[in-house]
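Here is my_file-v7.txt, consisting of compact mmCIF, C-alpha atoms:
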```txt
# COMPACT_ATOMS: atom_id res chain seq x y z
CA MET B 1 0.00 0.00 0.00
CA LYS B 2 1.17 3.54 -0.78
CA PHE B 3 2.80 5.30 2.21
CA VAL B 4 3.61 1.89 3.73
CA ASP B 5 5.67 -0.38 1.43
CA GLU B 6 8.33 2.20 0.59
CA PHE B 7 9.06 2.66 4.30
CA ARG B 8 9.84 -1.04 4.81
CA ASP B 9 12.69 -1.30 2.27
CA PRO B 10 15.42 -3.47 3.90
CA ASP B 11 18.22 -2.10 1.66
CA LEU B 12 17.45 1.46 2.71
CA GLY B 13 17.32 0.25 6.32
CA ARG B 14 20.85 -1.12 6.06
CA ILE B 15 22.05 2.21 4.62
CA VAL B 16 20.57 4.16 7.55
CA ALA B 17 22.06 1.62 9.97
CA THR B 18 25.49 2.29 8.46
CA GLN B 19 24.93 6.03 8.89
CA ILE B 20 24.08 5.46 12.56
CA VAL B 21 27.31 3.53 13.12
CA ALA B 22 29.23 6.41 11.53
CA THR B 23 27.44 8.96 13.78
CA VAL B 24 28.05 7.46 17.23
CA GLU B 25 31.26 7.53 19.28
CA PRO B 26 32.41 3.92 19.75
CA GLY B 27 33.10 4.17 23.50
CA ARG B 28 29.90 5.96 24.45
CA HIS B 29 26.57 4.37 25.43
CA TYR B 30 23.42 6.04 24.05
CA LYS B 31 19.87 5.66 25.35
CA VAL B 32 16.94 6.85 23.26
CA MET B 33 13.37 6.57 24.57
CA GLU B 34 10.27 6.15 22.43
CA VAL B 35 7.13 7.32 24.19
CA CYS B 36 4.68 5.55 21.97
CA GLY B 37 3.48 1.97 22.00
CA GLY B 38 3.25 2.00 18.21
CA HIS B 39 7.00 2.60 17.99
CA THR B 40 7.67 -0.14 20.55
CA HIS B 41 5.66 -2.55 18.44
CA THR B 42 7.47 -1.55 15.23
CA ILE B 43 10.90 -1.89 16.90
CA TYR B 44 10.24 -5.48 17.98
CA LYS B 45 8.14 -6.61 15.02
CA TYR B 46 10.69 -5.50 12.41
CA GLY B 47 13.82 -6.01 14.52
CA VAL B 48 14.82 -2.36 14.29
CA ASP B 49 17.01 -2.75 17.39
CA ASP B 50 18.93 -5.56 15.66
CA LEU B 51 20.17 -3.03 13.10
CA LEU B 52 21.61 -0.73 15.77
CA PRO B 53 25.16 -0.91 17.12
CA PRO B 54 25.39 -2.44 20.63
CA ASN B 55 26.07 0.93 22.26
CA VAL B 56 22.71 2.38 21.09
CA GLU B 57 19.89 1.28 23.39
CA LEU B 58 16.20 1.87 22.80
CA VAL B 59 14.14 2.41 25.97
CA HIS B 60 10.37 2.05 26.00
CA GLY B 61 8.36 4.77 27.75
CA PRO B 62 4.74 5.08 28.93
CA GLY B 63 3.15 5.33 25.50
CA CYS B 64 0.56 2.58 25.60
CA PRO B 65 -2.75 3.83 27.06
CA VAL B 66 -3.85 0.31 27.95
CA CYS B 67 -0.65 -0.20 29.94
CA VAL B 68 -1.02 2.95 32.04
CA ILE B 69 -4.62 2.31 33.16
CA PRO B 70 -4.62 1.60 36.91
CA MET B 71 -6.48 -1.44 38.21
CA GLY B 72 -9.03 0.63 40.12
CA ARG B 73 -10.33 2.15 36.86
CA VAL B 74 -10.85 -1.35 35.45
CA ASP B 75 -12.88 -2.23 38.55
CA ASP B 76 -14.99 0.90 37.97
CA ALA B 77 -15.60 -0.19 34.38
CA ILE B 78 -16.61 -3.69 35.50
CA ALA B 79 -19.04 -2.23 38.05
CA ILE B 80 -20.81 -0.31 35.27
CA ALA B 81 -20.73 -3.31 32.91
CA ARG B 82 -22.46 -5.49 35.53
CA ARG B 83 -25.46 -3.17 35.87
CA PRO B 84 -28.73 -4.63 34.53
CA GLY B 85 -29.69 -3.15 31.18
CA VAL B 86 -26.20 -1.90 30.35
CA VAL B 87 -24.40 -2.76 27.11
CA PHE B 88 -20.74 -2.05 27.85
CA THR B 89 -18.56 -1.40 24.80
CA CYS B 90 -14.79 -1.08 24.58
CA PHE B 91 -11.78 -1.72 22.37
CA GLY B 92 -10.60 -5.33 22.33
CA ASP B 93 -7.46 -5.01 24.40
CA MET B 94 -9.29 -3.53 27.37
CA LEU B 95 -11.27 -6.76 27.73
CA ARG B 96 -8.23 -8.59 29.11
CA VAL B 97 -6.76 -5.89 31.36
CA PRO B 98 -6.76 -7.20 34.94
CA GLY B 99 -8.65 -5.24 37.57
CA GLY B 100 -8.38 -5.96 41.29
CA THR B 101 -9.80 -9.46 40.95
CA GLU B 102 -11.09 -9.91 37.40
CA THR B 103 -11.26 -8.60 33.84
CA LEU B 104 -14.09 -7.30 31.68
CA LEU B 105 -13.87 -10.62 29.84
CA ASP B 106 -14.56 -12.43 33.14
CA ALA B 107 -17.57 -10.18 33.69
CA LYS B 108 -18.77 -11.01 30.17
CA ALA B 109 -18.38 -14.74 30.87
CA GLN B 110 -20.50 -14.28 33.98
CA GLY B 111 -23.34 -12.66 32.04
CA ALA B 112 -22.52 -8.98 31.66
CA ASP B 113 -23.24 -7.65 28.16
CA VAL B 114 -19.72 -6.56 27.21
CA ARG B 115 -19.06 -6.01 23.52
CA MET B 116 -15.86 -5.23 21.62
CA VAL B 117 -16.01 -2.34 19.14
CA TYR B 118 -13.47 -0.91 16.69
CA SER B 119 -14.61 2.68 17.06
CA PRO B 120 -16.87 4.75 19.33
CA LEU B 121 -19.04 5.16 16.25
CA ASP B 122 -19.85 1.42 16.54
CA ALA B 123 -20.98 2.02 20.13
CA LEU B 124 -23.21 4.87 18.95
CA ARG B 125 -24.80 2.57 16.37
CA ILE B 126 -25.50 -0.03 19.09
CA ALA B 127 -27.20 2.71 21.14
CA ARG B 128 -29.39 3.73 18.19
CA GLU B 129 -30.39 0.12 17.57
CA ASN B 130 -31.09 -0.65 21.25
CA ALA B 131 -33.20 2.20 22.56
CA ASP B 132 -34.30 0.12 25.57
CA ARG B 133 -30.69 -0.46 26.71
CA GLU B 134 -28.07 1.86 28.25
CA VAL B 135 -24.97 1.78 26.04
CA VAL B 136 -21.66 2.82 27.64
CA PHE B 137 -18.40 3.30 25.75
CA LEU B 138 -15.11 2.96 27.63
CA ALA B 139 -12.99 5.73 26.09
CA ILE B 140 -9.25 5.21 26.30
CA GLY B 141 -6.26 6.58 24.48
CA PHE B 142 -3.98 9.57 24.05
CA GLU B 143 -4.61 12.66 21.93
CA THR B 144 -4.79 10.46 18.83
CA THR B 145 -7.93 8.69 20.04
CA ALA B 146 -9.62 11.54 21.89
CA PRO B 147 -10.89 13.31 18.72
CA SER B 148 -12.80 10.19 17.69
CA THR B 149 -14.56 10.08 21.08
CA ALA B 150 -15.23 13.82 20.89
CA LEU B 151 -16.76 13.63 17.40
CA THR B 152 -18.92 10.70 18.48
CA LEU B 153 -20.21 12.66 21.49
CA VAL B 154 -21.02 15.65 19.28
CA ARG B 155 -23.11 13.30 17.13
CA ALA B 156 -24.78 11.77 20.21
CA LYS B 157 -25.72 15.23 21.51
CA ARG B 158 -27.00 16.33 18.11
CA GLU B 159 -29.17 13.19 17.93
CA ARG B 160 -30.26 13.61 21.60
CA LEU B 161 -29.31 9.99 22.18
CA ALA B 162 -30.23 9.65 25.85
CA ASN B 163 -29.16 6.00 26.21
CA PHE B 164 -25.50 6.63 25.31
CA SER B 165 -22.70 7.58 27.69
CA VAL B 166 -18.90 7.50 27.89
CA MET B 167 -16.55 6.49 30.70
CA CYS B 168 -13.66 8.77 29.86
CA ASN B 169 -10.08 7.61 30.43
CA HIS B 170 -8.34 9.74 27.82
CA VAL B 171 -4.84 10.78 28.84
CA MET B 172 -2.26 13.19 27.47
CA ILE B 173 1.35 12.47 26.62
CA LEU B 174 3.08 15.67 27.72
CA PRO B 175 2.45 15.50 31.53
CA PRO B 176 3.99 12.02 31.99
CA LEU B 177 6.86 13.04 29.73
CA ARG B 178 7.53 16.00 32.00
CA ALA B 179 7.26 13.69 35.04
CA LEU B 180 9.85 11.38 33.50
CA LEU B 181 12.15 14.31 32.74
CA GLU B 182 11.90 15.44 36.36
CA SER B 183 13.04 12.01 37.54
CA PRO B 184 16.56 12.31 39.01
CA ASP B 185 17.66 8.89 37.75
CA LEU B 186 16.73 9.62 34.14
CA ARG B 187 19.70 9.07 31.86
CA LEU B 188 18.49 9.49 28.31
CA ASP B 189 20.13 11.08 25.28
CA GLY B 190 16.90 11.94 23.50
CA PHE B 191 13.35 11.04 22.58
CA ILE B 192 11.50 9.66 19.59
CA GLY B 193 8.25 11.62 19.61
CA PRO B 194 4.78 10.20 18.94
CA GLY B 195 3.93 11.00 15.32
CA HIS B 196 0.20 10.45 15.38
CA VAL B 197 -0.35 12.34 18.63
CA CYS B 198 1.40 15.18 16.80
CA THR B 199 -1.07 15.05 13.88
CA VAL B 200 -3.51 16.33 16.51
CA ILE B 201 -1.45 18.56 18.83
CA GLY B 202 1.41 19.43 16.46
CA ALA B 203 5.15 19.29 17.10
CA ARG B 204 5.50 22.62 18.95
CA PRO B 205 4.20 21.41 22.36
CA PHE B 206 7.34 19.23 22.60
CA GLU B 207 9.69 22.22 22.48
CA PHE B 208 9.94 22.34 26.31
CA VAL B 209 11.77 19.00 26.23
CA ALA B 210 14.62 20.57 24.28
CA ALA B 211 14.45 24.06 25.78
CA ASP B 212 13.97 23.21 29.48
CA TYR B 213 15.56 19.77 29.77
CA GLY B 214 18.21 19.80 27.03
CA LYS B 215 17.01 16.62 25.29
CA PRO B 216 16.57 16.28 21.52
CA VAL B 217 13.16 15.15 20.22
CA VAL B 218 12.45 13.73 16.78
CA ILE B 219 8.77 13.29 15.85
CA SER B 220 8.65 9.95 14.09
CA GLY B 221 6.47 7.87 11.79
CA PHE B 222 5.70 4.23 12.47
CA GLU B 223 7.22 2.20 9.68
CA PRO B 224 10.60 0.61 10.43
CA LEU B 225 12.49 3.07 8.22
CA ASP B 226 10.78 5.97 9.98
CA VAL B 227 11.93 4.76 13.40
CA LEU B 228 15.45 3.97 12.20
CA GLN B 229 15.84 7.38 10.58
CA SER B 230 14.48 9.07 13.71
CA VAL B 231 17.06 7.28 15.88
CA HIS B 232 19.71 8.55 13.47
CA MET B 233 18.35 12.12 13.68
CA VAL B 234 18.45 12.04 17.51
CA LEU B 235 22.01 10.71 17.49
CA ARG B 236 23.07 13.29 14.90
CA GLN B 237 21.75 16.08 17.14
CA VAL B 238 23.79 14.63 20.02
CA ALA B 239 26.91 14.36 17.84
CA GLU B 240 26.55 17.94 16.58
CA GLY B 241 25.73 19.35 20.03
CA ARG B 242 22.27 20.43 18.91
CA CYS B 243 19.10 20.11 20.96
CA GLU B 244 15.80 20.79 19.20
CA VAL B 245 12.50 19.33 18.04
CA GLU B 246 12.79 17.88 14.55
CA ASN B 247 10.01 16.36 12.47
CA GLN B 248 10.90 13.16 10.63
CA TYR B 249 7.21 12.51 9.87
CA THR B 250 6.63 15.53 7.64
CA ARG B 251 4.37 13.56 5.30
CA VAL B 252 1.74 13.55 8.05
CA VAL B 253 2.55 15.96 10.90
CA PRO B 254 2.02 19.70 10.38
CA PRO B 255 3.69 22.02 12.95
CA GLU B 256 0.31 23.26 14.21
CA GLY B 257 -1.41 19.82 14.36
CA ASN B 258 -5.09 19.61 13.46
CA PRO B 259 -6.89 22.78 14.69
CA ALA B 260 -10.35 21.28 14.06
CA ALA B 261 -9.47 18.31 16.29
CA LEU B 262 -8.20 20.61 19.03
CA ARG B 263 -11.40 22.67 18.84
CA VAL B 264 -13.73 19.68 19.20
CA MET B 265 -11.61 18.31 22.08
CA GLN B 266 -11.80 21.73 23.77
CA GLU B 267 -15.59 21.66 23.45
CA VAL B 268 -16.19 18.11 24.67
CA PHE B 269 -13.47 17.56 27.29
CA ALA B 270 -12.17 19.27 30.42
CA LEU B 271 -8.94 18.63 32.32
CA ARG B 272 -9.05 16.35 35.35
CA PRO B 273 -7.17 17.89 38.31
CA HIS B 274 -5.21 14.65 38.66
CA PHE B 275 -5.22 11.10 37.33
CA GLU B 276 -3.45 7.94 38.40
CA TRP B 277 -1.03 6.37 35.91
CA ARG B 278 0.05 2.82 36.43
CA GLY B 279 3.68 2.82 37.51
CA LEU B 280 3.93 6.60 37.53
CA GLY B 281 1.42 7.46 40.26
CA PHE B 282 -0.84 10.52 40.25
CA ILE B 283 0.02 13.18 37.66
CA SER B 284 -1.70 16.58 37.70
CA HIS B 285 -3.69 17.71 34.66
CA SER B 286 -2.76 14.59 32.73
CA ALA B 287 -6.19 13.26 31.78
CA LEU B 288 -9.54 14.35 30.38
CA LYS B 289 -13.11 14.13 31.60
CA LEU B 290 -16.30 15.24 29.85
CA SER B 291 -16.98 18.98 29.98
CA GLU B 292 -20.07 20.47 31.63
CA GLY B 293 -21.68 20.78 28.20
CA TYR B 294 -21.50 17.00 27.84
CA ALA B 295 -22.18 16.07 31.48
CA ASP B 296 -25.35 14.21 30.51
CA PHE B 297 -23.19 11.76 28.57
CA ASP B 298 -20.73 11.15 31.42
CA ALA B 299 -21.03 7.54 32.61
CA GLU B 300 -19.26 8.38 35.87
CA ARG B 301 -21.99 10.89 36.70
CA ARG B 302 -24.73 8.58 35.51
CA TYR B 303 -23.62 5.48 37.46
CA GLU B 304 -22.04 4.96 40.85
CA VAL B 305 -18.57 3.44 40.67
CA PRO B 306 -16.39 2.10 43.52
CA GLY B 307 -13.60 4.57 42.76
CA VAL B 308 -11.20 2.57 44.92
CA ARG B 309 -7.44 2.67 44.30
CA VAL B 310 -6.00 -0.83 43.88
CA ALA B 311 -2.28 -1.46 44.37
CA ASP B 312 -0.44 -3.29 41.58
CA PRO B 313 0.45 -6.95 42.23
CA LYS B 314 3.81 -7.14 43.99
CA ALA B 315 5.31 -9.53 41.45
CA CYS B 316 4.50 -7.19 38.55
CA GLN B 317 7.12 -4.64 37.51
CA CYS B 318 5.08 -2.79 34.87
CA GLY B 319 5.94 0.49 36.61
CA GLU B 320 9.68 0.01 36.12
CA VAL B 321 9.13 -1.12 32.52
CA LEU B 322 6.98 1.95 31.78
CA LYS B 323 9.66 4.26 33.16
CA GLY B 324 12.35 2.50 31.15
CA VAL B 325 14.17 1.45 34.33
CA ILE B 326 14.14 -2.24 33.40
CA LYS B 327 13.66 -4.16 30.16
CA PRO B 328 10.62 -6.49 29.86
CA TRP B 329 12.73 -9.64 30.19
CA GLU B 330 14.21 -8.36 33.46
CA CYS B 331 10.81 -8.55 35.20
CA LYS B 332 10.61 -11.50 37.59
CA VAL B 333 7.38 -12.89 36.12
CA PHE B 334 7.98 -12.12 32.42
CA GLY B 335 7.14 -15.09 30.21
CA THR B 336 6.48 -17.40 33.14
CA ALA B 337 3.60 -16.32 35.40
CA CYS B 338 2.86 -13.38 33.08
CA THR B 339 2.17 -14.11 29.39
CA PRO B 340 -0.15 -12.56 26.78
CA GLU B 341 -2.59 -15.45 27.39
CA ARG B 342 -2.65 -14.83 31.15
CA PRO B 343 -1.28 -11.34 31.80
CA ILE B 344 -0.56 -10.11 35.31
CA GLY B 345 0.49 -6.65 34.22
CA THR B 346 -0.98 -4.35 31.61
CA CYS B 347 2.27 -4.20 29.60
CA MET B 348 1.62 -7.83 28.67
CA VAL B 349 -1.94 -7.21 27.48
CA SER B 350 -1.82 -4.82 24.56
CA SER B 351 0.35 -5.69 21.57
CA GLU B 352 1.71 -2.14 21.96
CA GLY B 353 2.82 -2.93 25.50
CA ALA B 354 6.58 -3.37 25.78
CA CYS B 355 6.28 -6.79 27.43
CA ALA B 356 3.80 -8.22 24.91
CA ALA B 357 5.70 -6.77 21.95
CA TYR B 358 8.95 -8.25 23.25
CA TYR B 359 7.24 -11.57 24.11
CA ASN B 360 5.75 -11.84 20.61
CA TYR B 361 8.83 -10.80 18.60
CA GLY B 362 11.94 -9.72 20.46
CA ARG B 363 12.61 -12.80 22.58
CA PHE B 364 13.35 -14.87 19.48
CA SER B 365 16.09 -12.60 18.16
CA ARG B 366 17.48 -12.22 21.68
CA GLY B 367 17.53 -16.02 22.01
CA GLU B 368 19.39 -16.30 18.70
CA LYS B 369 21.92 -13.70 19.84
CA ARG B 370 22.53 -15.60 23.08
CA LEU B 371 23.03 -18.83 21.14
CA ALA B 372 25.45 -17.11 18.76
CA ALA B 373 27.38 -15.68 21.71
CA ALA B 374 27.60 -19.14 23.33
CA GLU B 375 29.02 -20.66 20.16
CA MET G 1 -6.33 -5.42 18.74
CA ASN G 2 -7.09 -4.77 15.12
CA HIS G 3 -8.38 -7.32 12.60
CA ASP G 4 -4.94 -8.66 11.71
CA GLY G 5 -3.84 -8.90 15.33
CA ALA G 6 -0.78 -6.86 14.43
CA HIS G 7 -1.57 -3.66 16.21
CA CYS G 8 -3.82 -2.29 18.88
CA VAL G 9 -6.52 0.20 17.97
CA THR G 10 -6.28 1.84 21.37
CA CYS G 11 -2.62 2.66 21.02
CA SER G 12 -1.67 6.25 21.65
CA ASP G 13 -0.23 6.60 18.27
CA GLU G 14 -1.39 3.88 15.99
CA ALA G 15 -3.40 5.24 13.09
CA VAL G 16 -3.68 3.58 9.69
CA PRO G 17 -3.88 4.86 6.11
CA MET G 18 -7.25 4.25 4.42
CA ARG G 19 -8.52 5.18 0.95
CA VAL G 20 -11.82 7.02 0.54
CA VAL G 21 -14.29 4.90 -1.46
CA GLU G 22 -17.56 6.77 -1.06
CA VAL G 23 -18.53 10.04 0.61
CA SER G 24 -21.91 10.66 2.24
CA ASP G 25 -23.41 13.98 3.29
CA ASP G 26 -23.46 13.27 7.05
CA GLY G 27 -19.73 13.70 7.65
CA LEU G 28 -19.03 10.03 7.07
CA ALA G 29 -17.11 8.27 4.33
CA VAL G 30 -16.70 4.61 3.48
CA CYS G 31 -12.96 3.95 3.53
CA ALA G 32 -10.89 0.89 2.65
CA GLY G 33 -7.62 -0.20 4.24
CA ASP G 34 -5.55 -3.31 4.86
CA ASP G 35 -8.02 -4.38 7.57
CA GLY G 36 -11.15 -4.01 5.43
CA VAL G 37 -13.85 -1.40 4.90
CA ALA G 38 -15.24 0.93 7.57
CA ASP G 39 -17.33 4.05 8.11
CA VAL G 40 -15.02 6.93 8.98
CA MET G 41 -15.85 10.34 10.47
CA THR G 42 -14.25 12.92 8.17
CA ASP G 43 -15.22 16.12 10.03
CA LEU G 44 -11.59 16.96 10.89
CA VAL G 45 -10.28 16.77 7.32
CA ALA G 46 -13.39 17.75 5.32
CA PRO G 47 -14.03 17.97 2.45
CA VAL G 48 -12.78 14.63 1.19
CA THR G 49 -13.14 13.03 -2.22
CA PRO G 50 -13.03 9.38 -3.36
CA GLY G 51 -9.50 8.18 -4.04
CA GLU G 52 -7.82 10.29 -1.34
CA THR G 53 -5.79 8.55 1.37
CA LEU G 54 -6.60 9.49 4.96
CA LEU G 55 -4.89 8.71 8.24
CA VAL G 56 -7.61 7.07 10.34
CA HIS G 57 -7.70 6.26 14.03
CA GLY G 58 -10.61 4.87 16.03
CA GLY G 59 -13.08 5.70 13.27
CA ALA G 60 -11.96 9.32 12.77
CA ALA G 61 -9.74 10.70 10.01
CA LEU G 62 -6.98 12.82 11.55
CA ALA G 63 -5.03 13.87 8.48
CA ARG G 64 -4.89 13.65 4.72
CA LEU G 65 -1.81 11.88 3.32
CA GLU G 66 -0.21 13.65 0.38
```

For this file, write the structure as structure tokens.
Amino acid sequence: MKFVDEFRDPDLGRIVATQIVATVEPGRHYKVMEVCGGHTHTIYKYGVDDLLPPNVELVHGPGCPVCVIPMGRVDDAIAIARRPGVVFTCFGDMLRVPGGTETLLDAKAQGADVRMVYSPLDALRIARENADREVVFLAIGFETTAPSTALTLVRAKRERLANFSVMCNHVMILPPLRALLESPDLRLDGFIGPGHVCTVIGARPFEFVAADYGKPVVISGFEPLDVLQSVHMVLRQVAEGRCEVENQYTRVVPPEGNPAALRVMQEVFALRPHFEWRGLGFISHSALKLSEGYADFDAERRYEVPGVRVADPKACQCGEVLKGVIKPWECKVFGTACTPERPIGTCMVSSEGACAAYYNYGRFSRGEKRLAAAE
Amino acid sequence: MNHDGAHCVTCSDEAVPMRVVEVSDDGLAVCAGDDGVADVMTDLVAPVTPGETLLVHGGAALARLE
């Protein structure tokens, strides 16, 4: 497909890899963090890290919205889903995210009407077709997903669809990025920025990372060549002593983002004073709720939820993985007690989660490397 | 997870290119991509015409690919 195939050319990949080797100092170790689950997935699926020299390390940040949802929010969702007359809709990956004791899939198996949808528009259609039922959509995602929820709510309000509501869990990427940058043990050389978030908010909001914290940022696309070239651009900034926001993904990301998307988000959402992120704790002004104008569609106002904070399982080290402190395979339960079939932590649920992405792809190449080293 | 199991629709950043097949007058367009055909909200990139490629996420077009 156009815009896809040309960015998977292995010969071009090898050329960029050679350029990276020529850019780095041999005795220096480099750490570059991607803050998007899509990049994590691309890195492992296409073996992008295998093309890098050993002294260039890719670190996976908190860019998967499924992975950062705390267990208490899942319990709140299950409480709504269990109510008589409710049709609870959500994206597929949320079905398997563990709450305090169970998942939405467990609730479905026990009789709750939980349905997977591909878009909030699907949930709206279910509401239109089931006027005698209360249809709730579990909204989740960063700034890339929030416009879709906002547009759907505008339609619901226009149609006066009284049996439709949204449990809003939309989060924003900049507050956790700032929290990471404030961390005293952060040792990163630069960031690969989330390209599709930037189609909405633009590249400019990332300028504080370079200006205030002295770290280069390269907004990147999602094909393997995009990620590889972005790593090269970060390393080139380091080599040349530059520190700025560059846009590798110019075919999609305009500097100002999408003003129409920002307007509809401004209308439909309001900032939450604080929101809990799995592994990162509470972060101020990091998540969205429905605005007063859309209060009638707010599932959390419509239904009582437990609202209880649930501590992560002790064995799970999702928090350290999300902060880039440890690699997925360094977690005590990775691949043994915690697998994609029976996840303990959220990073093992979504295919964008660092643990699941590594489990599905990376562990094979790592195993081959270990075998080669042993021989 | 999307149809092919390869990527997650809820990801912060995962949007996919889709080609406009048919445009209706209610802000929706039928679009085709690797994962099949879907109704897409085009309010944020309107107006669109058949044959254009859009970047689509969660049922909404976020950008036009050129």

Item to check | Surrounding residues of Thr152 of chain B excluding itself and chain neighbours under 6 positions, 8 Å, only C-alpha atoms, as a list in words | outcome: Pro120, Leu121 and Leu124 of chain B

Next on the checklist: as a list in words, please: the residues near Thr42 of chain G (cut-off 7 Å, all atoms listed in the file, same-chain neighbours under 2 positions excluded).
Outcome noted: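 Contacts, in chain order: Gly27, Leu28, Ala29, Val40, Leu44, Val45, Ala46, Ala60 and Ala61 of chain G.
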
Next on the checklist: Counting only C-alpha atoms, which residue out of B:Phe88, B:Phe222, B:Phe191, B:Tyr358 sits closest to chain G?
Outcome noted: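 Ranking B:Phe88, B:Phe222, B:Phe191, B:Tyr358 by distance to chain G, first place goes to B:Phe222.
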
Item to check | segment 75-77 of chain B surroundings by all atoms listed in the file, 7 Å radius, close-in-sequence under 4 positions cut, as a list in words | outcome: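 Listed by chain and then number, they are Met71, Ala81, Gly99, Gly100, Val305, Pro306 and Gly307 of chain B.
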
Checklist entry - What is the atom CA of Leu181 of chain B to atom CA of Tyr30 of chain B distance in Å? => result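 According to the coordinates, atom CA of Leu181 of chain B and atom CA of Tyr30 of chain B are separated by 16.5 Å.
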
Next on the checklist: Considering all atoms listed in the file, can you say which of B:Arg251, B:Arg263, B:Lys289, B:His232 comes closest to Leu54 of chain G?
Outcome noted: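 Comparing B:Arg251, B:Arg263, B:Lys289, B:His232 against Leu54 of chain G, the winner is B:Arg251.
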
For segment 39-50 of chain G, supply N, CA and C atoms and format the output as a compact mmCIF listing (two decimals), in the frame of the given file.
```txt
# COMPACT_ATOMS: atom_id res chain seq x y z
N ASP G 39 -16.84 2.68 8.10
CA ASP G 39 -17.33 4.05 8.11
C ASP G 39 -16.34 4.91 8.89
N VAL G 40 -15.99 6.06 8.33
CA VAL G 40 -15.02 6.93 8.98
C VAL G 40 -15.59 8.34 9.10
N MET G 41 -15.42 8.95 10.28
CA MET G 41 -15.85 10.34 10.47
C MET G 41 -14.79 11.25 9.84
N THR G 42 -15.22 12.11 8.92
CA THR G 42 -14.25 12.92 8.17
C THR G 42 -14.33 14.41 8.54
N ASP G 43 -15.02 14.72 9.63
CA ASP G 43 -15.22 16.12 10.03
C ASP G 43 -13.91 16.91 10.15
N LEU G 44 -12.84 16.24 10.58
CA LEU G 44 -11.59 16.96 10.89
C LEU G 44 -10.73 17.20 9.66
N VAL G 45 -11.09 16.58 8.53
CA VAL G 45 -10.28 16.77 7.32
C VAL G 45 -11.16 17.15 6.12
N ALA G 46 -12.43 17.47 6.39
CA ALA G 46 -13.39 17.75 5.32
C ALA G 46 -12.95 18.98 4.49
N PRO G 47 -13.30 19.01 3.19
CA PRO G 47 -14.03 17.97 2.45
C PRO G 47 -13.08 16.91 1.90
N VAL G 48 -13.59 15.70 1.76
CA VAL G 48 -12.78 14.63 1.19
C VAL G 48 -13.43 14.14 -0.11
N THR G 49 -12.62 13.55 -0.96
CA THR G 49 -13.14 13.03 -2.22
C THR G 49 -12.66 11.60 -2.41
N PRO G 50 -13.43 10.77 -3.13
CA PRO G 50 -13.03 9.38 -3.36
C PRO G 50 -11.63 9.31 -3.99
```
